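Printed here is coords-v9.txt (compact mmCIF, C-alpha atoms):
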```txt
# COMPACT_ATOMS: atom_id res chain seq x y z
CA MET A 1 131.60 159.59 120.29
CA LYS A 2 129.09 161.28 117.98
CA LYS A 3 130.38 164.35 116.14
CA ILE A 4 128.90 167.76 116.87
CA THR A 5 127.00 168.95 113.79
CA ILE A 6 126.57 172.68 113.22
CA GLY A 7 124.60 174.34 110.44
CA TYR A 8 126.55 177.14 108.74
CA ILE A 9 124.36 179.87 107.21
CA PHE A 10 126.01 181.96 104.49
CA ASN A 11 125.04 183.71 101.27
CA GLU A 12 127.37 183.28 98.31
CA ILE A 13 127.16 181.99 94.75
CA LYS A 14 130.01 179.77 95.84
CA PRO A 15 131.89 179.64 99.17
CA LYS A 16 134.42 182.46 99.57
CA GLU A 17 137.79 182.13 101.31
CA GLU A 18 136.36 182.77 104.79
CA ASP A 19 133.73 180.06 104.28
CA ARG A 20 136.38 177.60 103.12
CA ILE A 21 138.46 178.33 106.23
CA PHE A 22 135.41 177.66 108.41
CA PHE A 23 134.91 174.24 106.82
CA ARG A 24 138.62 173.41 106.94
CA VAL A 25 139.07 174.39 110.60
CA ALA A 26 135.81 172.68 111.57
CA LYS A 27 137.15 169.44 110.10
CA GLU A 28 140.38 169.85 112.08
CA LYS A 29 138.35 170.28 115.26
CA GLY A 30 136.12 167.28 114.63
CA ILE A 31 133.03 169.37 113.87
CA ASN A 32 130.65 168.43 111.07
CA LEU A 33 129.70 171.73 109.39
CA VAL A 34 126.53 171.57 107.29
CA PRO A 35 126.26 174.35 104.64
CA VAL A 36 123.05 176.39 104.44
CA ASN A 37 123.60 178.67 101.45
CA THR A 38 120.74 181.17 101.26
CA ASP A 39 121.84 182.10 97.73
CA LYS A 40 120.72 178.66 96.57
CA TYR A 41 117.23 177.24 96.10
CA LEU A 42 115.96 176.15 99.54
CA THR A 43 112.53 174.68 100.21
CA GLU A 44 110.96 174.38 103.64
CA GLY A 45 111.62 170.66 103.35
CA ASP A 46 115.32 171.28 102.69
CA ILE A 47 115.54 173.39 105.85
CA GLU A 48 113.66 170.75 107.87
CA GLU A 49 116.18 168.11 106.80
CA LYS A 50 119.10 170.28 107.89
CA VAL A 51 117.38 170.99 111.22
CA LYS A 52 117.15 167.25 111.87
CA LYS A 53 120.90 166.85 111.29
CA CYS A 54 122.23 169.79 113.30
CA ASN A 55 122.74 170.43 117.00
CA LEU A 56 123.03 174.17 116.46
CA PHE A 57 123.18 176.77 113.66
CA PHE A 58 125.53 179.70 113.14
CA ASN A 59 124.45 182.64 110.95
CA ASN A 60 127.48 184.13 109.17
CA SER A 61 125.48 186.11 106.62
CA THR A 62 124.54 189.80 106.72
CA GLU A 63 121.83 189.42 104.08
CA ASN A 64 118.19 190.02 105.08
CA ILE A 65 117.17 186.59 103.80
CA SER A 66 119.41 184.98 106.42
CA ILE A 67 117.26 186.49 109.18
CA GLU A 68 114.17 184.85 107.65
CA ILE A 69 116.03 181.54 107.41
CA THR A 70 117.05 182.00 111.06
CA LYS A 71 113.40 182.56 112.05
CA THR A 72 112.39 179.45 110.09
CA ILE A 73 115.01 177.32 111.85
CA GLU A 74 113.94 178.69 115.24
CA GLU A 75 110.30 177.93 114.43
CA LEU A 76 111.36 174.36 113.68
CA GLY A 77 112.86 174.12 117.16
CA LYS A 78 116.60 174.68 116.74
CA ARG A 79 118.82 177.37 118.20
CA VAL A 80 120.70 179.83 115.99
CA ILE A 81 123.61 182.06 117.01
CA GLU A 82 122.73 184.88 116.90
CA PRO A 83 118.94 184.53 117.49
CA SER A 84 116.66 186.55 115.21
CA LYS A 85 115.28 188.62 118.10
CA LYS A 86 118.71 190.18 118.66
CA PHE A 87 118.45 192.02 115.32
CA TYR A 88 115.64 194.18 116.73
CA TYR A 89 118.32 196.32 118.34
CA PHE A 90 121.28 195.80 116.00
CA GLU A 91 119.42 196.62 112.78
CA ASP A 92 117.56 199.64 114.18
CA LYS A 93 120.02 202.39 115.11
CA TRP A 94 117.43 204.36 117.07
CA MET A 95 116.47 201.39 119.24
CA PHE A 96 120.15 200.64 119.79
CA PHE A 97 120.69 204.20 121.05
CA LEU A 98 117.68 204.01 123.37
CA LYS A 99 118.80 200.73 124.92
CA CYS A 100 122.33 202.05 125.46
CA LYS A 101 120.96 205.23 127.03
CA ARG A 102 118.60 203.29 129.29
CA HIS A 103 121.42 201.10 130.62
CA GLY A 104 124.00 203.85 131.00
CA ILE A 105 126.22 202.68 128.13
CA PRO A 106 128.13 205.70 126.74
CA THR A 107 127.12 206.46 123.17
CA LEU A 108 126.60 209.39 120.78
CA ASN A 109 123.97 212.06 121.44
CA THR A 110 121.16 211.12 119.05
CA ILE A 111 117.70 212.32 118.04
CA LEU A 112 114.99 210.77 115.85
CA LEU A 113 113.91 213.16 113.10
CA SER A 114 110.37 213.83 111.95
CA GLU A 115 109.39 212.79 108.41
CA ASN A 116 108.08 216.36 107.99
CA ILE A 117 111.17 218.23 106.77
CA PRO A 118 110.26 221.65 108.24
CA VAL A 119 109.73 219.93 111.62
CA ALA A 120 112.99 217.98 111.21
CA LYS A 121 114.81 221.27 110.56
CA ASP A 122 113.40 222.70 113.80
CA GLU A 123 114.55 219.57 115.63
CA LEU A 124 118.04 220.00 114.21
CA LYS A 125 118.06 223.64 115.29
CA ASP A 126 117.25 222.55 118.84
CA PHE A 127 119.85 219.76 118.66
CA ASN A 128 122.35 222.46 117.65
CA SER A 129 125.31 220.17 117.00
CA TRP A 130 127.11 221.04 113.75
CA PRO A 131 128.35 219.30 111.75
CA VAL A 132 125.77 216.57 112.32
CA ILE A 133 125.74 212.94 111.10
CA LEU A 134 122.52 211.79 109.42
CA LYS A 135 121.72 208.08 109.17
CA ARG A 136 118.79 205.94 108.16
CA ILE A 137 117.74 203.73 111.06
CA GLU A 138 118.78 200.74 108.92
CA GLY A 139 121.88 200.36 106.78
CA SER A 140 125.33 198.79 106.73
CA ASN A 141 128.86 199.49 105.44
CA GLY A 142 128.36 203.24 105.74
CA GLU A 143 125.41 203.23 103.32
CA TYR A 144 122.86 205.96 104.03
CA VAL A 145 125.26 207.82 106.32
CA ASP A 146 126.30 211.40 105.55
CA ARG A 147 127.49 214.57 107.26
CA ALA A 148 125.56 217.84 107.14
CA GLU A 149 127.29 221.15 107.80
CA ASN A 150 124.08 223.20 108.09
CA LEU A 151 120.28 223.04 107.72
CA ARG A 152 120.33 223.39 103.94
CA ASP A 153 122.85 220.54 103.74
CA ALA A 154 120.70 218.42 106.07
CA GLU A 155 117.57 218.93 103.93
CA ARG A 156 119.50 217.93 100.80
CA ILE A 157 120.80 214.73 102.46
CA ILE A 158 117.39 213.73 103.83
CA ASN A 159 115.82 214.12 100.38
CA LYS A 160 118.71 212.17 98.85
CA PHE A 161 118.20 209.27 101.29
CA TRP A 162 114.47 209.13 100.58
CA LYS A 163 115.02 209.33 96.83
CA ARG A 164 117.66 206.57 96.81
CA GLY A 165 115.89 204.09 99.08
CA SER A 166 112.99 201.89 98.10
CA GLU A 167 111.42 202.84 101.45
CA ARG A 168 111.14 206.19 103.20
CA LEU A 169 112.78 204.94 106.38
CA PRO A 170 113.16 207.22 109.43
CA ILE A 171 116.42 209.11 109.88
CA ILE A 172 118.41 209.85 113.03
CA ALA A 173 120.82 212.70 113.68
CA GLN A 174 123.95 212.12 115.76
CA GLU A 175 126.68 214.36 117.07
CA PHE A 176 129.85 214.29 114.97
CA VAL A 177 132.90 213.06 116.86
CA PRO A 178 136.25 213.45 115.04
CA SER A 179 137.86 210.15 115.98
CA SER A 180 139.50 207.08 114.58
CA SER A 181 137.26 204.02 114.71
CA TYR A 182 138.00 201.27 117.21
CA ARG A 183 136.75 197.72 116.61
CA VAL A 184 136.59 195.06 119.33
CA THR A 185 135.71 191.51 118.28
CA VAL A 186 134.05 189.41 120.97
CA VAL A 187 133.49 185.65 121.11
CA GLY A 188 131.61 184.41 124.16
CA ASN A 189 132.64 186.69 126.98
CA LYS A 190 136.13 187.23 125.62
CA ILE A 191 137.71 190.00 123.56
CA VAL A 192 139.58 188.08 120.86
CA GLN A 193 140.81 190.93 118.65
CA THR A 194 141.11 194.71 118.44
CA ALA A 195 141.48 196.84 115.32
CA LEU A 196 142.20 200.56 115.04
CA LYS A 197 140.81 202.01 111.80
CA ARG A 198 142.12 205.33 110.54
CA SER A 199 140.67 206.94 107.43
CA LYS A 200 141.63 209.92 105.29
CA GLY A 201 138.02 211.13 105.47
CA TRP A 202 135.57 211.57 108.33
CA LYS A 203 133.92 208.18 107.74
CA CYS A 204 135.77 205.03 108.90
CA THR A 205 133.96 202.48 106.73
CA GLY A 206 135.06 200.70 103.56
CA ASN A 207 138.74 201.17 102.73
CA TYR A 208 141.03 202.56 105.42
CA SER A 209 144.25 204.45 104.97
CA ARG A 210 145.76 202.68 107.98
CA ILE A 211 144.77 199.81 110.24
CA GLY A 212 146.46 198.43 113.33
CA LYS A 213 145.75 196.96 116.74
CA PHE A 214 145.27 198.74 120.04
CA LYS A 215 145.39 197.78 123.72
CA THR A 216 142.20 197.64 125.71
CA ASP A 217 141.88 199.34 129.10
CA LYS A 218 139.76 198.56 132.15
CA GLU A 219 137.09 201.10 131.20
CA LEU A 220 136.69 199.63 127.72
CA GLU A 221 136.55 196.08 129.10
CA LYS A 222 133.87 197.19 131.56
CA ILE A 223 131.80 198.69 128.71
CA ILE A 224 132.17 195.55 126.58
CA ASN A 225 131.11 193.30 129.47
CA LYS A 226 128.04 195.47 130.05
CA LEU A 227 127.16 195.43 126.33
CA ILE A 228 127.34 191.62 126.23
CA LYS A 229 125.11 191.38 129.29
CA VAL A 230 122.56 194.00 128.19
CA PHE A 231 122.23 192.85 124.58
CA GLY A 232 122.77 189.15 125.25
CA ILE A 233 125.06 188.64 122.29
CA SER A 234 127.74 185.97 121.97
CA ILE A 235 129.69 186.71 118.77
CA CYS A 236 129.96 190.31 117.64
CA GLY A 237 132.06 193.25 116.57
CA VAL A 238 131.72 196.44 118.59
CA ASP A 239 132.60 199.76 116.95
CA LEU A 240 133.66 202.61 119.24
CA LEU A 241 134.87 206.19 119.04
CA LYS A 242 136.77 208.36 121.51
CA LYS A 243 135.67 211.80 122.70
CA ASP A 244 137.83 213.74 125.14
CA GLY A 245 139.62 210.50 125.99
CA LYS A 246 136.36 208.67 126.82
CA TRP A 247 134.92 205.66 125.01
CA LEU A 248 131.64 205.96 123.07
CA VAL A 249 129.88 202.92 121.60
CA LEU A 250 128.88 203.47 117.97
CA GLU A 251 127.24 200.14 117.09
CA ILE A 252 127.28 196.35 117.41
CA ASN A 253 127.70 194.06 114.39
CA ALA A 254 126.21 190.60 114.88
CA GLN A 255 128.24 189.18 111.96
CA PRO A 256 131.64 190.76 112.62
CA GLY A 257 134.18 191.09 109.84
CA LEU A 258 137.06 188.70 110.40
CA ASP A 259 139.35 190.09 107.70
CA PHE A 260 140.96 193.11 109.38
CA PHE A 261 144.14 191.03 109.67
CA PHE A 262 144.21 188.16 107.18
CA SER A 263 146.96 186.35 109.08
CA ASP A 264 144.69 186.26 112.15
CA ARG A 265 141.54 185.04 110.45
CA LYS A 266 142.08 181.31 111.01
CA ARG A 267 142.63 181.88 114.74
CA LEU A 268 139.41 183.91 115.03
CA ILE A 269 137.44 181.26 113.16
CA GLY A 270 138.91 178.66 115.53
CA GLU A 271 137.71 180.73 118.51
CA ILE A 272 134.21 180.92 117.04
CA LEU A 273 134.07 177.19 116.31
CA ASP A 274 135.30 176.31 119.80
CA PHE A 275 132.54 178.48 121.26
CA LEU A 276 129.88 176.96 118.96
CA LYS A 277 131.02 173.44 119.82
CA LYS A 278 130.69 174.22 123.53
CA GLU A 279 127.25 175.77 123.03
CA ALA A 280 126.06 172.82 120.93
CA LYS A 281 126.77 170.50 123.86
CA ASN A 282 124.63 172.55 126.27
```
Rewritten as structure tokens:
Amino acid sequence: MKKITIGYIFNEIKPKEEDRIFFRVAKEKGINLVPVNTDKYLTEGDIEEKVKKCNLFFNNSTENISIEITKTIEELGKRVIEPSKKFYYFEDKWMFFLKCKRHGIPTLNTILLSENIPVAKDELKDFNSWPVILKRIEGSNGEYVDRAENLRDAERIINKFWKRGSERLPIIAQEFVPSSSYRVTVVGNKIVQTALKRSKGWKCTGNYSRIGKFKTDKELEKIINKLIKVFGISICGVDLLKKDGKWLVLEINAQPGLDFFFSDRKRLIGEILDFLKKEAKN
């Protein structure tokens, strides 16, 4: 029986521990994993050769170049998990909010701010939710996210974002919810891991003071099932907050971190590979 061959997109000078586990577990499961390292020199011809070999591709890189490689592979006729079109909502925080709102998925109250600062200040006055969280519509790992206590603070943060970035990207304002951060990792239609992130500060990104697991409830499972259906995503990490005992969806990560619990990483990678193997046969 012919082996399933899956292209593995990553971006490293050399494979890191997670990448090595993917290749090791793939071998154990009888899957031929073909590396596509976007940090290396890749011609269109190189990509075409890999497309000929592979039944399916899996993008495990968060770098922007990986989305272009994904588009190239799709243009050459092969499927990638996750497809490039999914990033329209995951990479744009305003569009993510709008889609959640449209489909009745509970999320944070959010407004899109004008690029005219006096107008933005008026919008924040009308929003009237202090402190307020300011975010660029694009960004990861808590970059370009800050908390404003008042209008003067908000103006300072907006100017800081525009000064730091190479582009003057739009900014959203969101209500501040004092909550621990809850992560649910999903593979296929199944919740495969939960992680409760507690931080000493207001922001639950980067290093955490404490991390543990939590039990899901029926309401959370209902929200996750709806998210999967609405956004059409197969492998993801969902970040949530709690307000007055109710779940609020913060964002979806198409390349979820698998290192919240190092002892559990091999199992999660096995779950992903089993799902990819099944999808490659379809």
**Message:** Would you pick out the contacts of A:Phe127 at 10 Å or less, using all atoms listed in the file, so that residues sharing its chain but fewer than 3 positions from it are not included, and give the list as number ranges by chain?
**Reply:** A: 109-111, 121-124, 130, 132, 173-175
Would you compute an axis-aligned box for stretch 182-194 of chain A, covering every atom listed for it in the file with 4 Å of margin on each side, and report centre and edge lengths in Å to one decimal as lines of an AutoDock Vina configuration file?
```
center_x = 136.4
center_y = 192.8
center_z = 121.8
size_x = 17.5
size_y = 24.9
size_z = 18.4
```
**Message:** Which residue is closest to A:Lys27? Choose from A:Ser114, A:Gly237, A:Phe161, A:Leu273 and count only C-alpha atoms.
**Reply:**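 When distances to A:Lys27 are compared using only C-alpha atoms, the smallest one comes from A:Leu273.
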**Prompt:** Which is closer to A:Lys29 than all the others in A:Asn64, A:Asn282, A:Ile272, A:Arg147, using all atoms listed in the file?
**Reply:** A:Ile272
**Prompt:** Could you pull the residues within 10 Å of A:Asp19, counting all atoms listed in the file, minus those fewer than 6 positions along the same chain, as an MDAnalysis selection string?
**Reply:** chainID A and resid 8:12 35 60 269
Could N, CA and C atoms be built for stretch 226-251 of chain A and written out as a compact mmCIF listing (two decimals), keeping the file's coordinate frame?
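The result, written out as part_18.txt:
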```txt
# COMPACT_ATOMS: atom_id res chain seq x y z
N LYS A 226 129.41 194.99 129.85
CA LYS A 226 128.04 195.47 130.05
C LYS A 226 127.23 195.30 128.77
N LEU A 227 127.84 195.61 127.62
CA LEU A 227 127.16 195.43 126.33
C LEU A 227 126.73 193.98 126.14
N ILE A 228 127.64 193.05 126.41
CA ILE A 228 127.34 191.62 126.23
C ILE A 228 126.17 191.21 127.11
N LYS A 229 126.18 191.72 128.34
CA LYS A 229 125.11 191.38 129.29
C LYS A 229 123.78 192.00 128.88
N VAL A 230 123.79 193.29 128.52
CA VAL A 230 122.56 194.00 128.19
C VAL A 230 121.94 193.49 126.90
N PHE A 231 122.76 193.26 125.88
CA PHE A 231 122.23 192.85 124.58
C PHE A 231 122.19 191.34 124.40
N GLY A 232 122.83 190.60 125.30
CA GLY A 232 122.77 189.15 125.25
C GLY A 232 123.35 188.55 124.00
N ILE A 233 124.45 189.12 123.53
CA ILE A 233 125.06 188.64 122.29
C ILE A 233 126.33 187.86 122.58
N SER A 234 126.61 186.87 121.74
CA SER A 234 127.74 185.97 121.97
C SER A 234 128.93 186.25 121.05
N ILE A 235 128.64 186.49 119.77
CA ILE A 235 129.69 186.71 118.77
C ILE A 235 129.38 188.03 118.07
N CYS A 236 130.28 188.99 118.20
CA CYS A 236 129.96 190.31 117.64
C CYS A 236 131.22 191.15 117.46
N GLY A 237 131.06 192.21 116.68
CA GLY A 237 132.06 193.25 116.57
C GLY A 237 131.48 194.53 117.11
N VAL A 238 132.19 195.19 118.00
CA VAL A 238 131.72 196.44 118.59
C VAL A 238 132.56 197.58 118.05
N ASP A 239 131.90 198.58 117.46
CA ASP A 239 132.60 199.76 116.95
C ASP A 239 132.48 200.89 117.97
N LEU A 240 133.62 201.54 118.25
CA LEU A 240 133.66 202.61 119.24
C LEU A 240 134.41 203.82 118.71
N LEU A 241 134.13 204.96 119.30
CA LEU A 241 134.87 206.19 119.04
C LEU A 241 135.41 206.70 120.37
N LYS A 242 136.27 207.72 120.30
CA LYS A 242 136.77 208.36 121.51
C LYS A 242 136.48 209.85 121.45
N LYS A 243 135.95 210.37 122.57
CA LYS A 243 135.67 211.80 122.70
C LYS A 243 136.24 212.29 124.02
N ASP A 244 137.17 213.21 123.93
CA ASP A 244 137.83 213.74 125.14
C ASP A 244 138.42 212.61 125.99
N GLY A 245 138.97 211.60 125.30
CA GLY A 245 139.62 210.50 125.99
C GLY A 245 138.67 209.45 126.54
N LYS A 246 137.36 209.60 126.31
CA LYS A 246 136.36 208.67 126.82
C LYS A 246 135.77 207.83 125.68
N TRP A 247 135.48 206.57 126.00
CA TRP A 247 134.92 205.66 125.01
C TRP A 247 133.45 205.94 124.75
N LEU A 248 133.04 205.88 123.47
CA LEU A 248 131.64 205.96 123.07
C LEU A 248 131.33 204.78 122.15
N VAL A 249 130.27 204.06 122.44
CA VAL A 249 129.88 202.92 121.60
C VAL A 249 129.11 203.44 120.39
N LEU A 250 129.54 203.05 119.21
CA LEU A 250 128.88 203.47 117.97
C LEU A 250 127.82 202.45 117.55
N GLU A 251 128.20 201.17 117.47
CA GLU A 251 127.24 200.14 117.09
C GLU A 251 127.80 198.76 117.36
```
